[in-house]
file target-v9.txt (compact mmCIF, C-alpha atoms and all ligand atoms)
# COMPACT_ATOMS: atom_id res chain seq x y z
CA MET A 1 0.00 0.00 0.00
CA PRO A 2 1.27 3.53 -0.73
CA ILE A 3 2.20 5.70 2.25
CA LEU A 4 -0.67 8.16 2.85
CA THR A 5 0.90 10.34 5.53
CA ARG A 6 4.24 12.09 5.39
CA PRO A 7 6.48 10.41 7.99
CA GLU A 8 7.57 12.95 10.58
CA ASN A 9 11.25 12.17 10.15
CA MET A 10 11.15 12.19 6.33
CA GLN A 11 14.19 13.91 4.84
CA ARG A 12 13.39 16.86 2.56
CA ILE A 13 14.05 15.85 -1.06
CA THR A 14 16.59 18.42 -2.20
CA SER A 15 19.02 16.51 -4.44
CA PRO A 16 18.87 14.30 -7.56
CA GLU A 17 20.01 11.32 -5.43
CA LEU A 18 17.15 11.74 -2.96
CA ALA A 19 14.74 12.24 -5.87
CA GLU A 20 15.94 8.99 -7.52
CA ALA A 21 15.41 7.08 -4.26
CA PHE A 22 11.87 8.48 -3.99
CA ILE A 23 11.17 7.64 -7.64
CA GLU A 24 12.34 4.02 -7.21
CA GLU A 25 10.13 3.63 -4.15
CA GLN A 26 7.12 5.10 -5.95
CA LEU A 27 7.58 2.96 -9.06
CA ALA A 28 7.40 -0.17 -6.89
CA ASP A 29 4.38 1.15 -4.96
CA ILE A 30 2.52 2.14 -8.12
CA LYS A 31 3.13 -1.24 -9.76
CA ALA A 32 1.98 -3.03 -6.59
CA GLN A 33 -1.17 -0.89 -6.31
CA VAL A 34 -2.18 -0.89 -9.98
CA GLY A 35 -1.06 -4.29 -11.28
CA ASP A 36 -2.20 -4.63 -14.89
CA LYS A 37 -5.19 -2.28 -14.51
CA LYS A 38 -5.70 1.08 -16.21
CA VAL A 39 -5.27 4.50 -14.60
CA LEU A 40 -6.85 7.77 -15.71
CA LEU A 41 -5.23 11.19 -15.20
CA ALA A 42 -6.34 14.75 -15.96
CA LEU A 43 -3.08 16.21 -17.25
CA SER A 44 -3.18 20.00 -17.16
CA GLY A 45 0.51 20.58 -17.82
CA GLY A 46 0.99 22.07 -14.34
CA VAL A 47 3.89 20.86 -12.22
CA ASP A 48 1.97 18.39 -10.05
CA SER A 49 -0.03 16.58 -12.72
CA SER A 50 3.01 16.54 -15.04
CA VAL A 51 5.20 14.89 -12.42
CA VAL A 52 2.46 12.35 -11.65
CA ALA A 53 2.16 11.61 -15.38
CA ALA A 54 5.91 11.14 -15.80
CA LEU A 55 6.07 8.81 -12.77
CA LEU A 56 3.14 6.72 -13.94
CA ILE A 57 4.43 6.49 -17.50
CA ARG A 58 7.67 5.13 -16.10
CA ALA A 59 5.85 2.67 -13.84
CA ILE A 60 3.05 1.39 -16.07
CA GLY A 61 3.56 2.91 -19.54
CA ARG A 62 0.42 2.87 -21.65
CA GLN A 63 -1.78 1.54 -18.86
CA LEU A 64 -1.94 5.23 -17.96
CA VAL A 65 -4.50 7.19 -19.96
CA CYS A 66 -3.88 10.96 -19.81
CA VAL A 67 -6.61 13.39 -20.73
CA HIS A 68 -5.55 16.94 -21.54
CA VAL A 69 -8.50 19.33 -21.69
CA ASN A 70 -7.83 22.53 -23.60
CA HIS A 71 -10.42 24.92 -22.19
CA GLY A 72 -9.13 27.84 -24.21
CA LEU A 73 -7.85 29.60 -21.09
CA LEU A 74 -4.31 28.20 -21.14
CA ARG A 75 -1.22 30.26 -21.83
CA LYS A 76 0.28 30.46 -25.29
CA GLY A 77 2.07 27.24 -26.25
CA GLU A 78 0.89 25.17 -23.28
CA PRO A 79 -1.35 22.59 -24.99
CA GLU A 80 1.33 22.13 -27.66
CA GLN A 81 3.99 21.54 -24.99
CA VAL A 82 1.86 18.94 -23.20
CA ILE A 83 1.44 17.02 -26.46
CA ARG A 84 5.12 17.35 -27.38
CA VAL A 85 6.52 16.29 -24.00
CA PHE A 86 4.07 13.55 -23.08
CA LYS A 87 2.85 12.11 -26.36
CA ASP A 88 5.82 12.63 -28.65
CA GLU A 89 8.75 12.34 -26.24
CA LEU A 90 7.47 10.05 -23.47
CA GLY A 91 5.10 7.98 -25.64
CA ALA A 92 2.11 8.58 -23.36
CA ASN A 93 -1.36 7.33 -24.09
CA LEU A 94 -2.72 10.88 -24.33
CA ILE A 95 -6.17 12.04 -25.29
CA TYR A 96 -6.28 15.70 -26.31
CA VAL A 97 -9.69 17.30 -25.95
CA ASP A 98 -10.32 20.57 -27.75
CA ALA A 99 -13.08 21.99 -25.53
CA VAL A 100 -12.41 25.63 -26.36
CA ASP A 101 -15.81 26.35 -27.91
CA ARG A 102 -17.63 24.45 -25.17
CA PHE A 103 -16.05 26.60 -22.44
CA LEU A 104 -16.20 29.94 -24.23
CA ASP A 105 -19.84 29.43 -25.23
CA LYS A 106 -20.77 28.69 -21.59
CA LEU A 107 -18.84 31.77 -20.43
CA ALA A 108 -20.28 34.16 -23.00
CA GLY A 109 -21.82 37.21 -21.33
CA VAL A 110 -20.89 36.09 -17.78
CA CYS A 111 -19.32 39.00 -15.84
CA ASP A 112 -19.22 37.84 -12.22
CA PRO A 113 -15.78 36.39 -11.34
CA GLU A 114 -17.04 33.71 -8.96
CA THR A 115 -19.68 32.60 -11.47
CA LYS A 116 -16.94 32.41 -14.12
CA ARG A 117 -14.84 30.25 -11.76
CA LYS A 118 -17.80 27.95 -11.06
CA ILE A 119 -18.61 27.54 -14.75
CA ILE A 120 -14.99 26.74 -15.59
CA GLY A 121 -14.68 24.25 -12.70
CA ASN A 122 -17.98 22.50 -13.42
CA GLU A 123 -17.42 22.40 -17.16
CA PHE A 124 -13.99 20.88 -16.60
CA ILE A 125 -15.48 18.05 -14.58
CA GLU A 126 -18.16 17.49 -17.23
CA VAL A 127 -15.67 17.36 -20.11
CA PHE A 128 -13.39 15.05 -18.15
CA ALA A 129 -16.32 12.81 -17.13
CA ASP A 130 -17.50 12.63 -20.77
CA GLU A 131 -14.05 11.40 -21.79
CA ALA A 132 -13.85 8.95 -18.86
CA ARG A 133 -17.19 7.38 -19.84
CA LYS A 134 -15.92 6.71 -23.36
CA LEU A 135 -13.06 4.63 -21.93
CA GLU A 136 -13.32 1.03 -20.85
CA ASP A 137 -11.77 -0.81 -17.91
CA ILE A 138 -10.47 2.20 -15.99
CA SER A 139 -9.88 1.19 -12.36
CA PHE A 140 -7.89 4.05 -10.90
CA LEU A 141 -7.80 7.84 -10.96
CA ALA A 142 -4.38 9.46 -10.54
CA GLN A 143 -4.19 12.90 -8.95
CA GLY A 144 -1.45 15.43 -8.35
CA THR A 145 -2.42 15.94 -4.72
CA ILE A 146 0.54 17.26 -2.68
CA TRP A 147 1.14 17.45 1.06
CA PRO A 148 0.09 21.12 1.53
CA ASP A 149 -3.26 20.22 -0.15
CA ILE A 150 -3.82 17.59 2.53
CA LEU A 151 -2.80 19.95 5.33
CA GLU A 152 -5.00 22.77 4.01
CA SER A 153 -7.99 20.52 3.51
CA GLU A 154 -7.56 19.11 7.04
CA ALA A 155 -7.44 22.68 8.35
CA GLY A 156 -10.65 23.42 6.44
CA ILE A 157 -8.97 26.06 4.25
CA LYS A 158 -9.79 24.47 0.91
CA ALA A 159 -11.03 21.27 -0.67
CA HIS A 160 -8.02 19.67 -2.29
CA HIS A 161 -9.12 17.24 -4.95
CA ASN A 162 -8.26 18.52 -8.41
CA ALA A 163 -10.63 16.12 -10.12
CA GLY A 164 -12.76 15.65 -7.02
CA GLY A 165 -16.43 16.09 -7.58
CA LEU A 166 -16.57 13.47 -10.33
CA PRO A 167 -20.07 11.96 -10.64
CA GLU A 168 -20.94 8.79 -8.68
CA ASP A 169 -20.53 6.41 -11.64
CA LEU A 170 -16.91 7.53 -11.94
CA LYS A 171 -15.64 6.94 -8.43
CA PHE A 172 -12.27 5.29 -8.95
CA GLU A 173 -9.65 4.26 -6.44
CA LEU A 174 -7.05 7.03 -6.15
CA VAL A 175 -3.36 6.88 -7.08
CA GLU A 176 -1.52 9.85 -5.56
CA PRO A 177 2.21 9.31 -5.93
CA VAL A 178 3.31 12.82 -4.85
CA ARG A 179 0.85 13.05 -1.98
CA ILE A 180 3.53 13.26 0.75
CA LEU A 181 5.70 15.83 -1.04
CA PHE A 182 6.03 19.57 -0.65
CA LYS A 183 6.00 21.66 -3.85
CA ASP A 184 9.77 22.18 -3.93
CA GLU A 185 10.24 18.42 -3.66
CA VAL A 186 7.82 17.81 -6.54
CA ARG A 187 10.02 20.07 -8.66
CA VAL A 188 13.20 18.18 -7.72
CA VAL A 189 11.49 14.90 -8.60
CA GLY A 190 10.19 16.36 -11.89
CA LYS A 191 13.69 17.48 -12.81
CA ALA A 192 15.05 13.99 -12.01
CA LEU A 193 12.34 12.50 -14.26
CA GLY A 194 13.67 14.62 -17.13
CA LEU A 195 10.79 17.08 -17.48
CA PRO A 196 11.71 20.42 -19.11
CA ASP A 197 12.66 23.34 -16.83
CA ASN A 198 9.83 25.57 -17.99
CA MET A 199 7.39 22.89 -16.86
CA VAL A 200 9.15 22.07 -13.57
CA TYR A 201 9.89 25.64 -12.48
CA ARG A 202 6.86 27.33 -13.90
CA GLN A 203 5.12 30.06 -11.93
CA PRO A 204 1.79 29.40 -10.21
CA PHE A 205 -1.14 29.54 -12.59
CA PRO A 206 -4.76 29.67 -11.39
CA GLY A 207 -7.12 26.81 -12.27
CA PRO A 208 -9.48 29.17 -14.17
CA GLY A 209 -6.42 30.26 -16.13
CA LEU A 210 -6.56 33.35 -18.31
CA GLY A 211 -10.31 33.43 -17.68
CA VAL A 212 -9.82 35.58 -14.56
CA ARG A 213 -7.35 37.86 -16.37
CA CYS A 214 -9.77 38.69 -19.16
CA LEU A 215 -11.88 40.83 -16.86
CA GLY A 216 -15.66 40.76 -16.95
CA ALA A 217 -17.42 38.87 -19.73
CA ILE A 218 -14.79 36.97 -21.72
CA THR A 219 -14.61 37.68 -25.43
CA ARG A 220 -12.36 35.78 -27.83
CA ASP A 221 -10.56 38.90 -29.06
CA ARG A 222 -9.75 40.17 -25.57
CA LEU A 223 -8.74 36.67 -24.48
CA GLU A 224 -6.31 36.59 -27.39
CA ALA A 225 -4.92 39.96 -26.24
CA VAL A 226 -4.35 38.49 -22.74
CA ARG A 227 -2.64 35.40 -24.18
CA GLU A 228 -0.39 37.31 -26.58
CA SER A 229 0.61 40.00 -24.07
CA ASP A 230 1.32 37.33 -21.43
CA ALA A 231 3.59 35.51 -23.90
CA ILE A 232 5.51 38.75 -24.58
CA LEU A 233 5.85 39.50 -20.87
CA ARG A 234 7.18 35.98 -20.17
CA GLU A 235 9.58 36.17 -23.11
CA GLU A 236 10.99 39.53 -22.00
CA PHE A 237 11.26 38.50 -18.34
CA ALA A 238 13.15 35.37 -19.41
CA ALA A 239 15.48 37.41 -21.63
CA ALA A 240 16.14 39.79 -18.72
CA GLY A 241 17.00 36.89 -16.38
CA LEU A 242 13.88 37.35 -14.25
CA GLN A 243 12.34 33.93 -14.96
CA GLY A 244 12.42 31.86 -11.78
CA LYS A 245 13.33 34.97 -9.75
CA VAL A 246 9.97 36.74 -9.74
CA TRP A 247 7.25 34.64 -8.11
CA GLN A 248 4.37 35.42 -10.44
CA TYR A 249 3.97 37.76 -13.40
CA PHE A 250 1.19 38.07 -15.93
CA THR A 251 -1.04 40.45 -17.84
CA ILE A 252 -4.65 41.52 -17.45
CA VAL A 253 -6.99 43.02 -20.03
CA PRO A 254 -9.95 45.00 -18.62
CA ASP A 255 -13.29 45.26 -20.39
CA PHE A 256 -13.07 48.91 -21.36
CA LYS A 257 -11.28 50.91 -24.02
CA SER A 258 -9.53 54.24 -24.09
CA VAL A 259 -8.68 56.71 -26.81
CA GLY A 260 -5.32 56.52 -28.52
CA ILE A 261 -3.63 57.18 -31.85
CA ARG A 262 -2.64 54.53 -34.36
CA ASP A 263 -1.33 55.28 -37.85
CA GLY A 264 -2.26 58.95 -37.43
CA ARG A 265 -5.87 58.15 -36.59
CA ARG A 266 -7.94 58.03 -33.41
CA SER A 267 -8.04 54.51 -32.05
CA ASP A 268 -10.31 53.06 -29.35
CA GLU A 269 -8.41 50.13 -27.92
CA TRP A 270 -7.89 48.19 -24.66
CA PRO A 271 -5.18 48.75 -22.09
CA VAL A 272 -2.99 45.87 -20.92
CA ILE A 273 -2.09 45.83 -17.22
CA LEU A 274 1.20 44.20 -16.18
CA ARG A 275 1.50 42.57 -12.75
CA ALA A 276 4.69 41.11 -11.22
CA VAL A 277 4.75 40.12 -7.55
CA ASN A 278 6.83 38.29 -4.97
CA THR A 279 5.48 36.37 -2.02
CA ARG A 280 6.17 33.40 0.23
CA ASP A 281 2.68 32.04 0.66
CA ALA A 282 0.44 34.23 -1.56
CA MET A 283 -1.28 35.66 1.56
CA THR A 284 0.64 38.93 1.16
CA ALA A 285 2.74 40.08 -1.79
CA THR A 286 5.14 42.83 -2.75
CA VAL A 287 5.53 44.37 -6.19
CA GLU A 288 8.65 43.50 -8.19
CA ASP A 289 10.88 46.51 -8.85
CA VAL A 290 11.03 45.93 -12.61
CA PRO A 291 13.67 48.08 -14.38
CA PHE A 292 11.98 51.00 -16.14
CA ALA A 293 13.81 50.28 -19.40
CA LEU A 294 12.38 46.76 -19.41
CA LEU A 295 8.86 48.10 -18.79
CA LYS A 296 9.28 50.46 -21.74
CA LYS A 297 10.51 47.64 -23.98
CA ILE A 298 7.57 45.43 -23.02
CA THR A 299 5.19 48.36 -23.62
CA ALA A 300 6.62 48.95 -27.10
CA ARG A 301 6.26 45.28 -28.01
CA ILE A 302 2.74 44.86 -26.65
CA THR A 303 1.37 48.02 -28.27
CA SER A 304 2.85 47.09 -31.64
CA GLU A 305 2.35 43.30 -31.61
CA VAL A 306 -0.92 42.72 -29.77
CA LYS A 307 -4.06 43.43 -31.74
CA GLY A 308 -6.47 45.91 -30.18
CA VAL A 309 -4.16 47.28 -27.47
CA ASN A 310 -3.01 50.92 -27.30
CA ARG A 311 -1.79 51.33 -23.70
CA VAL A 312 0.25 49.43 -21.10
CA LEU A 313 0.10 50.02 -17.33
CA TYR A 314 2.13 48.58 -14.46
CA ASP A 315 0.24 47.65 -11.31
CA LEU A 316 2.14 49.09 -8.31
CA THR A 317 -0.22 47.68 -5.68
CA PRO A 318 1.01 45.26 -3.03
CA LYS A 319 -1.28 42.64 -1.42
CA PRO A 320 -2.99 44.04 0.59
CA THR A 321 -4.65 46.25 -0.56
CA GLY A 322 -4.81 44.51 -3.92
CA THR A 323 -5.08 40.76 -4.40
CA ILE A 324 -2.62 39.12 -6.78
CA GLU A 325 -5.24 38.43 -9.44
CA TRP A 326 -7.62 41.19 -10.48
CA GLU A 327 -10.77 39.13 -10.11
P1 LIG A 401 -5.08 36.24 -4.97
O1 LIG A 401 -5.60 36.88 -6.21
O2 LIG A 401 -6.16 35.64 -4.11
O3 LIG A 401 -4.18 35.02 -5.45
O4 LIG A 401 -4.18 37.16 -4.17
C1 LIG A 401 -3.35 34.23 -4.62
C2 LIG A 401 -2.80 33.09 -5.49
O5 LIG A 401 -3.86 32.21 -5.86
C3 LIG A 401 -3.98 32.15 -7.27
N1 LIG A 401 -5.43 32.10 -7.58
C4 LIG A 401 -6.08 30.98 -7.93
N2 LIG A 401 -5.66 29.73 -8.08
N3 LIG A 401 -7.84 29.08 -8.65
C5 LIG A 401 -6.54 28.77 -8.45
O6 LIG A 401 -6.17 27.60 -8.62
C6 LIG A 401 -8.35 30.32 -8.51
O7 LIG A 401 -9.55 30.56 -8.71
C7 LIG A 401 -7.41 31.32 -8.12
N4 LIG A 401 -7.54 32.64 -7.88
C8 LIG A 401 -6.30 33.11 -7.54
C9 LIG A 401 -3.31 33.38 -7.80
O8 LIG A 401 -2.84 33.21 -9.13
C10 LIG A 401 -2.19 33.57 -6.80
O9 LIG A 401 -1.09 32.72 -7.11
call {"tool": "encode", "arguments": {"input": "target-v9.txt", "output": "structure tokens"}}
result
Amino acid sequence: MPILTRPENMQRITSPELAEAFIEEQLADIKAQVGDKKVLLALSGGVDSSVVAALLIRAIGRQLVCVHVNHGLLRKGEPEQVIRVFKDELGANLIYVDAVDRFLDKLAGVCDPETKRKIIGNEFIEVFADEARKLEDISFLAQGTIWPDILESEAGIKAHHNAGGLPEDLKFELVEPVRILFKDEVRVVGKALGLPDNMVYRQPFPGPGLGVRCLGAITRDRLEAVRESDAILREEFAAAGLQGKVWQYFTIVPDFKSVGIRDGRRSDEWPVILRAVNTRDAMTATVEDVPFALLKKITARITSEVKGVNRVLYDLTPKPTGTIEWE
């Protein structure tokens, strides 16, 4: 049986050697738990589910069925990277679900942030359940639950199950191979499993994705402006050596326009807001002191490369009084 509770004297996994020892232990546990049965996993491309996928692929190969749901709210290049890394390089049994229209149709006209979150969460479970029902002989559900999730759910802070809430006919036995690890340990294990750095060290990304950064009612054109500006911000931060140093950075596009000038004519276009913050636990946050020259470079790129955007602003607000996300 897999260990369900982190042993009190467990050494923190900080080196490749310790990661290898953990991996060997897990491979044996997974094989013992699963046997020749099939396991289902919702693979988002986030650190936790990616590490779980890589471990399970090593342990049971194509007995693992990964489902990657593209809800249209992922960052630029993410669905492609999931397919490249897991299907092409690791030979995973991966089902890619293009659910973009399904999500965006459900979200059309919805302004309230919490309603948007609920729709995205519920729709995700429905899409995943639809895929699960098409499959035969699934016995287990793998999840990227980590130790802080267990602690927080025990303390009543949040419910932890990523794919929890699946309907009754889809109650599978759980496989949670990183359950006793802290986040930094998951990264060390991911690195030892050969996952790419930008997957292992990626910044936190909310479950509702870009959906809560395209403020108010989501429209496809504004969502595209969020995705493109975010890609530029990440590219420029990486080039300036800030990747991995700043805790979280992203862009926001509000649902109003302002007057500007483009090609000698009046233009009514959206602003893009940049946010870059540092924190230990996301309860409070400070604003990154981004060099002014870099801000100007990012502004020039966004206003010339992103369709429909004529202004760029930098959010100087710490948490509190602001939250990290805008909605
Ligand atoms: P706030 O905006 O509350 O964000 O200061 C704190 C951290 O939580 C992330 N965040 C979310 N993560 N689902 C998530 O999985 C959400 O609905 C959500 N809202 C905020 C945010 O990105 C930051 O890292």
call {"tool": "closest_residue", "arguments": {"input": "target-v9.txt", "among": "A:Glu131, A:Gln33, A:Asn310, A:Gly194", "to": "Asp263 (chain A)", "atoms": "all atoms listed in the file"}}
result
A:Asn310
call {"tool": "closest_atom_pairs", "arguments": {"input": "target-v9.txt", "of": "chain A", "to": "ligand LIG 401 (chain A)", "cutoff": "9 Å", "atoms": "all atoms listed in the file", "output": "Markdown table"}}
result
| residue | atom | partner | partner_atom | distance |
| --- | --- | --- | --- | --- |
| A:Pro113 | CA | A:LIG401 | O7 | 8.9 |
| A:Glu114 | CA | A:LIG401 | O7 | 8.1 |
| A:Arg117 | CA | A:LIG401 | O7 | 6.1 |
| A:Lys118 | CA | A:LIG401 | O7 | 9.0 |
| A:Gln203 | CA | A:LIG401 | O9 | 8.3 |
| A:Pro204 | CA | A:LIG401 | O9 | 5.4 |
| A:Phe205 | CA | A:LIG401 | O8 | 5.3 |
| A:Pro206 | CA | A:LIG401 | N2 | 3.4 |
| A:Gly207 | CA | A:LIG401 | O6 | 3.9 |
| A:Pro208 | CA | A:LIG401 | O7 | 5.6 |
| A:Gly209 | CA | A:LIG401 | N3 | 7.7 |
| A:Val212 | CA | A:LIG401 | N4 | 7.6 |
| A:Trp247 | CA | A:LIG401 | O9 | 8.6 |
| A:Gln248 | CA | A:LIG401 | O9 | 6.9 |
| A:Asp281 | CA | A:LIG401 | C2 | 8.3 |
| A:Ala282 | CA | A:LIG401 | C1 | 4.9 |
| A:Met283 | CA | A:LIG401 | O4 | 6.6 |
| A:Thr284 | CA | A:LIG401 | O4 | 7.4 |
| A:Ala285 | CA | A:LIG401 | O4 | 7.9 |
| A:Lys319 | CA | A:LIG401 | O4 | 6.8 |
| A:Pro320 | CA | A:LIG401 | O4 | 8.5 |
| A:Gly322 | CA | A:LIG401 | O4 | 7.4 |
| A:Thr323 | CA | A:LIG401 | O4 | 3.7 |
| A:Ile324 | CA | A:LIG401 | O4 | 3.6 |
| A:Glu325 | CA | A:LIG401 | O1 | 3.6 |
| A:Trp326 | CA | A:LIG401 | O1 | 6.4 |
| A:Glu327 | CA | A:LIG401 | O1 | 6.9 |
call {"tool": "write_last_selection", "arguments": {"input": "target-v9.txt", "atoms": "C-alpha atoms", "output": "compact mmCIF listing (two decimals), in the coordinates of the input"}}
result
# COMPACT_ATOMS: atom_id res chain seq x y z
CA PRO A 113 -15.78 36.39 -11.34
CA GLU A 114 -17.04 33.71 -8.96
CA ARG A 117 -14.84 30.25 -11.76
CA LYS A 118 -17.80 27.95 -11.06
CA GLN A 203 5.12 30.06 -11.93
CA PRO A 204 1.79 29.40 -10.21
CA PHE A 205 -1.14 29.54 -12.59
CA PRO A 206 -4.76 29.67 -11.39
CA GLY A 207 -7.12 26.81 -12.27
CA PRO A 208 -9.48 29.17 -14.17
CA GLY A 209 -6.42 30.26 -16.13
CA VAL A 212 -9.82 35.58 -14.56
CA TRP A 247 7.25 34.64 -8.11
CA GLN A 248 4.37 35.42 -10.44
CA ASP A 281 2.68 32.04 0.66
CA ALA A 282 0.44 34.23 -1.56
CA MET A 283 -1.28 35.66 1.56
CA THR A 284 0.64 38.93 1.16
CA ALA A 285 2.74 40.08 -1.79
CA LYS A 319 -1.28 42.64 -1.42
CA PRO A 320 -2.99 44.04 0.59
CA GLY A 322 -4.81 44.51 -3.92
CA THR A 323 -5.08 40.76 -4.40
CA ILE A 324 -2.62 39.12 -6.78
CA GLU A 325 -5.24 38.43 -9.44
CA TRP A 326 -7.62 41.19 -10.48
CA GLU A 327 -10.77 39.13 -10.11
call {"tool": "closest_residue", "arguments": {"input": "target-v9.txt", "among": "A:Ala42, A:Val51, A:Ile3, A:Ile261", "to": "Leu193 (chain A)", "atoms": "only C-alpha atoms"}}
result
A:Val51
call {"tool": "closest_residue", "arguments": {"input": "target-v9.txt", "among": "A:Leu104, A:Leu55, A:Ile30, A:Val97", "to": "Ile119 (chain A)", "atoms": "only C-alpha atoms"}}
result
A:Leu104
call {"tool": "closest_residue", "arguments": {"input": "target-v9.txt", "among": "A:Val85, A:Val69, A:Ala92, A:Val312", "to": "Asn198 (chain A)", "atoms": "all atoms listed in the file"}}
result
A:Val85
call {"tool": "closest_residue", "arguments": {"input": "target-v9.txt", "among": "A:Phe182, A:Phe128, A:Trp270, A:Phe256", "to": "Met10 (chain A)", "atoms": "all atoms listed in the file"}}
result
A:Phe182
call {"tool": "closest_residue", "arguments": {"input": "target-v9.txt", "among": "A:Leu313, A:Ala192, A:Val253, A:Ile138", "to": "Asp230 (chain A)", "atoms": "all atoms listed in the file"}}
result
A:Val253
call {"tool": "atom_distance", "arguments": {"input": "target-v9.txt", "atom1": "CA of Val226 (chain A)", "atom2": "CA of Ala129 (chain A)"}}
result
28.9 Å
call {"tool": "residues_around", "arguments": {"input": "target-v9.txt", "residues": "Asp48 (chain A)", "least_positions_apart": "2", "cutoff": "12 Å", "atoms": "all atoms listed in the file", "output": "number ranges by chain"}}
result
A: 41-46, 50-55, 142-147, 149, 162, 176-179, 181-190, 195, 199-202, 204-205
call {"tool": "residues_around", "arguments": {"input": "target-v9.txt", "residues": "Leu135 (chain A)", "least_positions_apart": "2", "cutoff": "10 Å", "atoms": "only C-alpha atoms", "output": "list in words"}}
result
Lys38, Leu40, Val65, Asp130, Glu131, Ala132, Arg133, Asp137 and Ile138 of chain A
call {"tool": "atom_distance", "arguments": {"input": "target-v9.txt", "atom1": "CA of Arg234 (chain A)", "atom2": "CA of Glu123 (chain A)"}}
result
28.3 Å
call {"tool": "axis_aligned_box", "arguments": {"input": "target-v9.txt", "around": "region 102-107 of chain A", "padding_each_side": "5 Å", "output": "JSON"}}
result
{"center_x": -18.4, "center_y": 28.1, "center_z": -22.8, "size_x": 14.7, "size_y": 17.3, "size_z": 14.8}
call {"tool": "atom_distance", "arguments": {"input": "target-v9.txt", "atom1": "CA of Ala240 (chain A)", "atom2": "CA of Glu224 (chain A)"}}
result
24.3 Å
call {"tool": "residues_around", "arguments": {"input": "target-v9.txt", "residues": "Glu235 (chain A)", "least_positions_apart": "3", "cutoff": "12 Å", "atoms": "all atoms listed in the file", "output": "PyMOL selection string"}}
result
chain A and resi 76+198+228-232+238-243+249-250+294+297-298+301-302
call {"tool": "residues_near_point", "arguments": {"input": "target-v9.txt", "point": "(6.9, 50.0, -17.5)", "cutoff": "10 Å", "atoms": "all atoms listed in the file", "output": "PyMOL selection string"}}
result
chain A and resi 273-274+290-300+312-315
